[in-house]
Every structure is written in C-alpha cells, then in structure tokens.
Amino acid sequence: MAHHILVAGRSGQIARELARAALPGGFTLECRGRESLDLMDPARTARLVAESGADIVINAAAYTAVDKAESESDLAFRLNRDGAAALAEGAAARGAALLHISTDYVFDGTKPTPYDEEDPVNPISVYGASKEAGERAVRERIDRHVILRTAWVYSPFGEGSFVRTMMRLGAERPELRIIDDQHGSPTAATDVAQALVAVAAALIAGKADGYGTFHFCNAGSTTRFGQAEAIFAWLARRGRTVPRVTPIPSSAYPMPARRPANSVLDCGRIGRVYGILPRDWHEALEECMAEIVAAGATKDRS
C-alpha cells in the first residue's frame with residue numbers, strides 16, 4: 001500500500017531537503033508551494049489538504065524573516081498561526097497526521113540549561129510569538145500531531161542560510177564581527193528532513209505514543225561566533241583565504257527583533273520515543289560546506 005506525504009512549502013530550506021530525502025519503500029512525497037497551496041487562503045488550504053489523499057501532512061511553510069516580522073506582525077501571524085490552523089483542520093478532516101515545524105524562539109532564553117518540551121514558552125519577538133500561536137492552533141485542532149521544534153537551521157540552499165552568508169561575507173571582507181553571547185545548536189536542514197521522514201514512517205507503521213511536542217537539533221552547542229569560527233577553520237584547512245573573526249556582544253549589533261540568549265534544546269525525548277539520535281553539529285556543518293564548495297557557488301542555486 002502506498003503512503004503519501006504532502007509538504008506545505010517548496011522553496012524553504014527544510015522543504016528543499018525533504019524533496020530530495022530518501023524515503024522508505026512505498027512512500028511518495030509532494031512539495032507544494034504557494035502557487036498551489038497558499039497558506040494566506042486558509043479556507044482553500046484546509047479544503048485542498050482534506051481532498052489531497054495525504055496520509056501525512058508536513059508544514060514546512062512559514063514566515064521566517066525574524067526582523068521584518070517586527071513591522072509585519074499581521075503577515076507573520078497569518079502565515080505562522082492561521083496557515084498552521086488551516087493545515088491542521090484539513091489534516092484532521094482527511095484523517096491524516098500533521099507534522100508541524102516550530103522553533104527555539106518560542107522560549108525567552110533566560111533558562112541557564114537546555115530547554116525541554118515541558119518548559120513554559122515565553123517568546124520575546126513577533127516571530128517567536130507567531131510560531132507559538134501556530135503551535136497552539138495545531139494542538140487545538142488535531143490530536144494526531146507532532147510539533148517538532150528546531151533551531152539555527154542552515155542548508156546549501158537559500159540566502160537565509162547562516163553558513164552561506166558567512167562564506168559569502170568571508171570572501172568579500174577581511175574582518176567579520178560576530179555575536180558571541182547567543183547560544184544555540186546549529187542544525188542542518190537535511191537532518192531535520194530525515195528526522196521528519198523517520199517520524200512519518202513510524203506513525204504510518206502504527207506508533208501510538210509518537211504524538212506531541214519534540215525537540216530536534218544537531219548535538220552540541222555554540223554561539224554564532226563559534227559557528228563562524230568553525231566555518232572559516234574548515235575553509236582555511238582547504239587553502240582558502242579567510243577573514244579575521246572578532247567576537248562581539250549582542251548590544252554591539254542591535255537588531256529589530258530580540259533573540260534568546262540561550263536557545264539550546266534538550267533533544268532527549270525524540271531519542272527515547274523514536275530512537276532518533278542527532279549527530280554532532282560539527283559533522284553536519286562540514287558535510288553541508290563540502291556540498292556548497294563542490295557546487296562551486298555561494299549564491300543561491302536555481
């Protein structure tokens with residue numbers, strides 16, 4: 001029997017990795033962009049999902065412009081809350097499970113240790129608030145849901161990737177000043193995609209205790225400065241000219257949206273329930289950079 005996964009989103013980092021992910025036998029996966037599944041039209045979205053034939057729906061579509069969200073709150077909430085609600089309603093009507101991607105930004109960053117799934121949320125930005133509202137919308141509308149929070153996602157694709165941005169800026173400037181007081185876990189979009197596929201396969205196989213909220217990031221943590229250092233150290237070992245990297249506090253680089261000072265996530269639950277054990281962030285980062293270098297570009301590929 002064939003099982004169909006419908007992905008809301010096509011051009012984002014995780015959606016693009018889902019599109020090329022290895023699937024179990026008997027599975028098909030379809031990514032739909034806004035031209036055929038527009039989350040800004042909730043009624044139509046819910047209807048299309050209900051009629052889609054999907055066994056699993058993955059919400060990989062979101063408003064992710066963290067700083068712009070401060071001045072575009074209506075748009076952020078329409079996509080991240082109302083769009084998620086529409087997908088949940090459609091999946092519930094269809095009898096499908098919904099896998100919804102969320103973020104570390106639902107937390108305020110004041111906890112000194114990693115956040116687990118039971119910690120209270122308290123977003124400090126419009127983006128974080130809109131994603132937290134999306135989580136609540138999903139929980140209220142569909143029992144068969146998995147909310148997967150992740151953080152600091154990057155990939156070989158897209159201008160929003162921190163890794164690609166560092167590689168581009170490092171080739172243009174002799175020195176970069178990078179924030180060193182925000183802590184998190186750099187996470188490869190390919191690993192998030194593989195985790196989502198594994199969860200989907202387990203749910204289709206009848207896993208009854210697999211619903212609820214989970215955290216998934218690559219293992220270990222660092223700061224943005226530490227991540228940049230790792231990027232340029234890898235390039236330097238391959239003979240590339242790299243910039244000098246200087247650590248700075250967040251106060252020296254003010255941005256419209258506040259970021260959590262600590263957004264490290266405890267990913268133990270997904271290991272206990274699904275047997276998914278994240279690999280070290282250094283390993284995932286180096287694999288991504290190798291792909292970017294092999295492609296010979298640090299600009300967005302078509």
# chains A, B, ... in the order shown; residues from 1 in each chain; ligands from 1

$ select_by_dssp --residues "region 107-288 of chain A" --states "strand (DSSP E or B)" --output "ChimeraX atom specification"
/A:115,145-150,153-154,175-179,183-184,187-188,212-215,219,222-223,244-248,262,265,280

$ residues_around --residues "region 14-21 of chain A" --least-positions-apart "6" --cutoff "6 Å" --atoms "only C-alpha atoms" --output "list in words"
Ala60, Ala189, Thr190 and Ala193 of chain A

$ residues_around --residues "region 213-222 of chain A" --least-positions-apart "4" --cutoff "8 Å" --atoms "only C-alpha atoms" --output "CSV table (one decimal) with N, CA, C and O atoms, in the first residue's frame"
chain,number,residue,atom,x,y,z
A,116,ASP,N,13.6,21.8,27.7
A,116,ASP,CA,12.9,20.6,27.2
A,116,ASP,C,11.5,20.9,26.9
A,116,ASP,O,11.0,22.1,27.0
A,117,GLU,N,10.7,19.9,26.4
A,117,GLU,CA,9.4,20.2,25.9
A,117,GLU,C,8.4,20.7,26.9
A,117,GLU,O,7.4,21.3,26.5
A,146,VAL,N,2.5,16.1,15.5
A,146,VAL,CA,3.8,16.2,16.0
A,146,VAL,C,4.3,17.6,15.8
A,146,VAL,O,4.4,18.0,14.6
A,147,ILE,N,4.6,18.3,16.8
A,147,ILE,CA,5.3,19.6,16.7
A,147,ILE,C,6.8,19.4,17.0
A,147,ILE,O,7.2,18.9,18.0
A,148,LEU,N,7.5,19.7,15.9
A,148,LEU,CA,9.0,19.5,16.0
A,148,LEU,C,9.7,20.9,16.1
A,148,LEU,O,9.7,21.6,15.1
A,149,ARG,N,10.2,21.2,17.2
A,149,ARG,CA,10.9,22.4,17.4
A,149,ARG,C,12.4,22.2,17.0
A,149,ARG,O,13.0,21.2,17.5
A,150,THR,N,12.9,23.1,16.2
A,150,THR,CA,14.3,23.0,15.9
A,150,THR,C,14.9,24.4,15.9
A,150,THR,O,14.3,25.4,16.4
A,151,ALA,N,16.2,24.6,15.6
A,151,ALA,CA,16.9,25.9,15.8
A,151,ALA,C,18.1,26.0,14.8
A,151,ALA,O,18.7,25.1,14.4
A,183,HIS,N,23.5,31.5,22.5
A,183,HIS,CA,23.9,30.1,22.5
A,183,HIS,C,22.8,29.3,21.9
A,183,HIS,O,21.6,29.4,22.2
A,184,GLY,N,23.2,28.4,21.0
A,184,GLY,CA,22.2,27.5,20.3
A,184,GLY,C,23.0,26.4,19.7
A,184,GLY,O,24.2,26.2,19.8
A,185,SER,N,22.2,25.6,18.9
A,185,SER,CA,22.7,24.4,18.2
A,185,SER,C,22.5,24.5,16.7
A,185,SER,O,21.4,24.4,16.3
A,186,PRO,N,23.6,24.8,16.0
A,186,PRO,CA,23.4,24.8,14.5
A,186,PRO,C,22.9,23.5,14.0
A,186,PRO,O,23.4,22.4,14.4
A,187,THR,N,21.9,23.5,13.1
A,187,THR,CA,21.2,22.3,12.7
A,187,THR,C,21.1,22.3,11.2
A,187,THR,O,20.5,23.2,10.6
A,188,ALA,N,21.5,21.2,10.6
A,188,ALA,CA,21.4,21.0,9.2
A,188,ALA,C,20.0,20.7,8.8
A,188,ALA,O,19.4,19.8,9.3
A,191,ASP,N,19.2,17.1,8.1
A,191,ASP,CA,19.0,16.2,9.3
A,191,ASP,C,17.6,16.4,9.8
A,191,ASP,O,16.9,15.4,10.3
A,192,VAL,N,17.0,17.6,9.8
A,192,VAL,CA,15.6,17.8,10.2
A,192,VAL,C,14.7,17.1,9.2
A,192,VAL,O,13.8,16.4,9.7
A,195,ALA,N,14.8,13.4,10.0
A,195,ALA,CA,14.0,13.2,11.2
A,195,ALA,C,12.5,13.2,11.0
A,195,ALA,O,11.8,12.3,11.5
A,226,GLY,N,31.2,31.1,17.5
A,226,GLY,CA,31.8,29.8,17.4
A,226,GLY,C,31.4,29.0,16.1
A,226,GLY,O,32.3,28.3,15.6
A,227,GLN,N,30.2,29.2,15.7
A,227,GLN,CA,29.9,28.6,14.4
A,227,GLN,C,30.7,29.2,13.2
A,227,GLN,O,31.1,28.5,12.4
A,264,VAL,N,19.4,26.6,23.4
A,264,VAL,CA,19.8,25.2,23.3
A,264,VAL,C,18.6,24.4,23.7
A,264,VAL,O,18.0,24.6,24.8
A,265,LEU,N,18.3,23.4,22.9
A,265,LEU,CA,17.1,22.5,23.2
A,265,LEU,C,17.6,21.1,23.6
A,265,LEU,O,18.5,20.5,23.1
A,266,ASP,N,16.9,20.6,24.6
A,266,ASP,CA,17.1,19.2,25.1
A,266,ASP,C,16.4,18.3,24.1
A,266,ASP,O,15.2,18.3,24.0
A,267,CYS,N,17.1,17.4,23.4
A,267,CYS,CA,16.5,16.6,22.4
A,267,CYS,C,16.4,15.1,22.8
A,267,CYS,O,16.3,14.2,22.0
A,268,GLY,N,16.4,14.9,24.1
A,268,GLY,CA,16.3,13.5,24.6
A,268,GLY,C,15.0,12.8,24.3
A,268,GLY,O,15.0,11.6,24.1
A,269,ARG,N,13.9,13.5,24.3
A,269,ARG,CA,12.6,12.8,24.1
A,269,ARG,C,12.5,12.2,22.8
A,269,ARG,O,12.0,11.0,22.7
A,270,ILE,N,13.0,12.8,21.7
A,270,ILE,CA,12.8,12.2,20.4
A,270,ILE,C,13.7,10.9,20.3
A,270,ILE,O,13.4,10.0,19.5
A,278,PRO,N,20.5,12.7,17.2
A,278,PRO,CA,21.1,13.7,16.4
A,278,PRO,C,22.6,13.6,16.3
A,278,PRO,O,23.3,13.2,17.4
A,279,ARG,N,23.2,13.8,15.2
A,279,ARG,CA,24.7,13.8,15.1
A,279,ARG,C,25.3,15.1,15.5
A,279,ARG,O,24.6,16.1,15.6
A,280,ASP,N,26.6,15.1,15.8
A,280,ASP,CA,27.3,16.3,16.2
A,280,ASP,C,27.1,17.5,15.2
A,280,ASP,O,27.2,17.2,14.0
A,281,TRP,N,27.0,18.7,15.7
A,281,TRP,CA,26.8,19.8,14.7
A,281,TRP,C,28.0,20.1,13.9
A,281,TRP,O,27.9,20.5,12.7
A,284,ALA,N,27.7,17.7,10.8
A,284,ALA,CA,26.7,18.1,9.9
A,284,ALA,C,27.1,19.4,9.1
A,284,ALA,O,26.9,19.5,7.9

$ residues_around --residues "Met40 (chain A)" --least-positions-apart "6" --cutoff "12 Å" --atoms "only C-alpha atoms" --output "PyMOL selection string"
chain A and resi 33-34+46+61-63+74-87

$ write_last_selection --atoms "C-alpha atoms" --output "PDB file, in the first residue's frame"
ATOM      1  CA  GLY A  33       4.473  25.963  -2.936  1.00  0.00           C
ATOM      2  CA  ARG A  34       2.199  28.931  -2.517  1.00  0.00           C
ATOM      3  CA  ALA A  46      -7.963  23.340   4.504  1.00  0.00           C
ATOM      4  CA  ALA A  61       5.973  26.706   5.165  1.00  0.00           C
ATOM      5  CA  ALA A  62       6.385  29.698   7.433  1.00  0.00           C
ATOM      6  CA  TYR A  63       7.147  33.384   7.730  1.00  0.00           C
ATOM      7  CA  ASP A  74      -0.123  40.704  10.695  1.00  0.00           C
ATOM      8  CA  LEU A  75       1.620  38.832   7.903  1.00  0.00           C
ATOM      9  CA  ALA A  76       3.681  36.740  10.317  1.00  0.00           C
ATOM     10  CA  PHE A  77       0.581  35.670  12.255  1.00  0.00           C
ATOM     11  CA  ARG A  78      -1.434  34.983   9.103  1.00  0.00           C
ATOM     12  CA  LEU A  79       1.190  32.545   7.885  1.00  0.00           C
ATOM     13  CA  ASN A  80       2.502  31.069  11.119  1.00  0.00           C
ATOM     14  CA  ARG A  81      -0.753  30.862  13.095  1.00  0.00           C
ATOM     15  CA  ASP A  82      -3.642  30.922  10.625  1.00  0.00           C
ATOM     16  CA  GLY A  83      -1.834  28.901   7.983  1.00  0.00           C
ATOM     17  CA  ALA A  84      -0.930  26.253  10.541  1.00  0.00           C
ATOM     18  CA  ALA A  85      -4.546  26.188  11.739  1.00  0.00           C
ATOM     19  CA  ALA A  86      -5.787  25.609   8.189  1.00  0.00           C
ATOM     20  CA  LEU A  87      -3.369  22.727   7.641  1.00  0.00           C
TER      21      LEU A  87
END

$ residues_around --residues "Val163 (chain A)" --least-positions-apart "4" --cutoff "12 Å" --atoms "only C-alpha atoms" --output "JSON, numbers by chain"
{"A": [152, 153, 154, 155, 156, 157, 158, 159, 167, 168, 169, 170, 186, 187, 188, 189, 224, 225, 227, 228, 229, 230, 231, 232, 234, 235, 284, 285, 286, 287, 288, 289, 290, 291, 292, 293, 298, 299]}

$ residues_around --residues "Ala92 (chain A)" --least-positions-apart "5" --cutoff "8 Å" --atoms "only C-alpha atoms" --output "list in words"
Ala50, Ala97, Arg141, Ile142 and Arg144 of chain A

$ closest_residue --among "A:Leu39, A:Ala208, A:Ala93, A:Leu176" --to "Ala54 (chain A)" --atoms "only C-alpha atoms"
A:Ala93

$ atom_distance --atom1 "CA of Gly12 (chain A)" --atom2 "CA of Thr103 (chain A)"
14.7 Å

$ atom_distance --atom1 "CA of Cys31 (chain A)" --atom2 "CA of Pro123 (chain A)"
29.3 Å

$ atom_distance --atom1 "CA of Ile179 (chain A)" --atom2 "CA of Pro254 (chain A)"
10.3 Å

$ select_by_dssp --residues "region 26-238 of chain A" --states "helix (DSSP H, G or I)" --output "PyMOL selection string"
chain A and resi 42-50+68-70+73-94+104-106+126-141+162-172+189-204+224-237

$ residues_around --residues "Val106 (chain A)" --least-positions-apart "2" --cutoff "8 Å" --atoms "only C-alpha atoms" --output "list in words"
Thr103, Asp104, Asp108, Val121, Asn122, Pro123, Ile124, Gly128, Ala129, Lys131 and Glu132 of chain A

$ write_last_selection --atoms "N, CA and C atoms" --output "tab-separated table (two decimals), in the first residue's frame"
chain	number	residue	atom	x	y	z
A	103	THR	N	10.02	26.31	16.47
A	103	THR	CA	11.30	26.99	16.65
A	103	THR	C	11.68	27.15	18.12
A	104	ASP	N	12.97	27.29	18.33
A	104	ASP	CA	13.51	27.62	19.65
A	104	ASP	C	13.06	29.01	20.11
A	108	ASP	N	12.21	32.32	25.92
A	108	ASP	CA	12.78	33.66	26.12
A	108	ASP	C	14.29	33.65	26.31
A	121	VAL	N	6.68	28.37	27.60
A	121	VAL	CA	7.08	29.23	26.48
A	121	VAL	C	6.90	30.68	26.89
A	122	ASN	N	7.70	31.55	26.28
A	122	ASN	CA	7.61	32.98	26.55
A	122	ASN	C	8.37	33.73	25.45
A	123	PRO	N	7.81	33.78	24.24
A	123	PRO	CA	8.53	34.39	23.13
A	123	PRO	C	8.78	35.88	23.35
A	124	ILE	N	9.92	36.35	22.85
A	124	ILE	CA	10.30	37.76	23.05
A	124	ILE	C	10.38	38.52	21.73
A	128	GLY	N	8.69	34.79	17.16
A	128	GLY	CA	8.51	33.75	18.16
A	128	GLY	C	7.07	33.64	18.62
A	129	ALA	N	6.41	34.79	18.81
A	129	ALA	CA	5.01	34.78	19.24
A	129	ALA	C	4.11	34.17	18.18
A	131	LYS	N	4.96	31.92	15.95
A	131	LYS	CA	5.20	30.47	15.90
A	131	LYS	C	4.56	29.78	17.11
A	132	GLU	N	4.63	30.41	18.28
A	132	GLU	CA	3.99	29.83	19.46
A	132	GLU	C	2.47	29.77	19.26
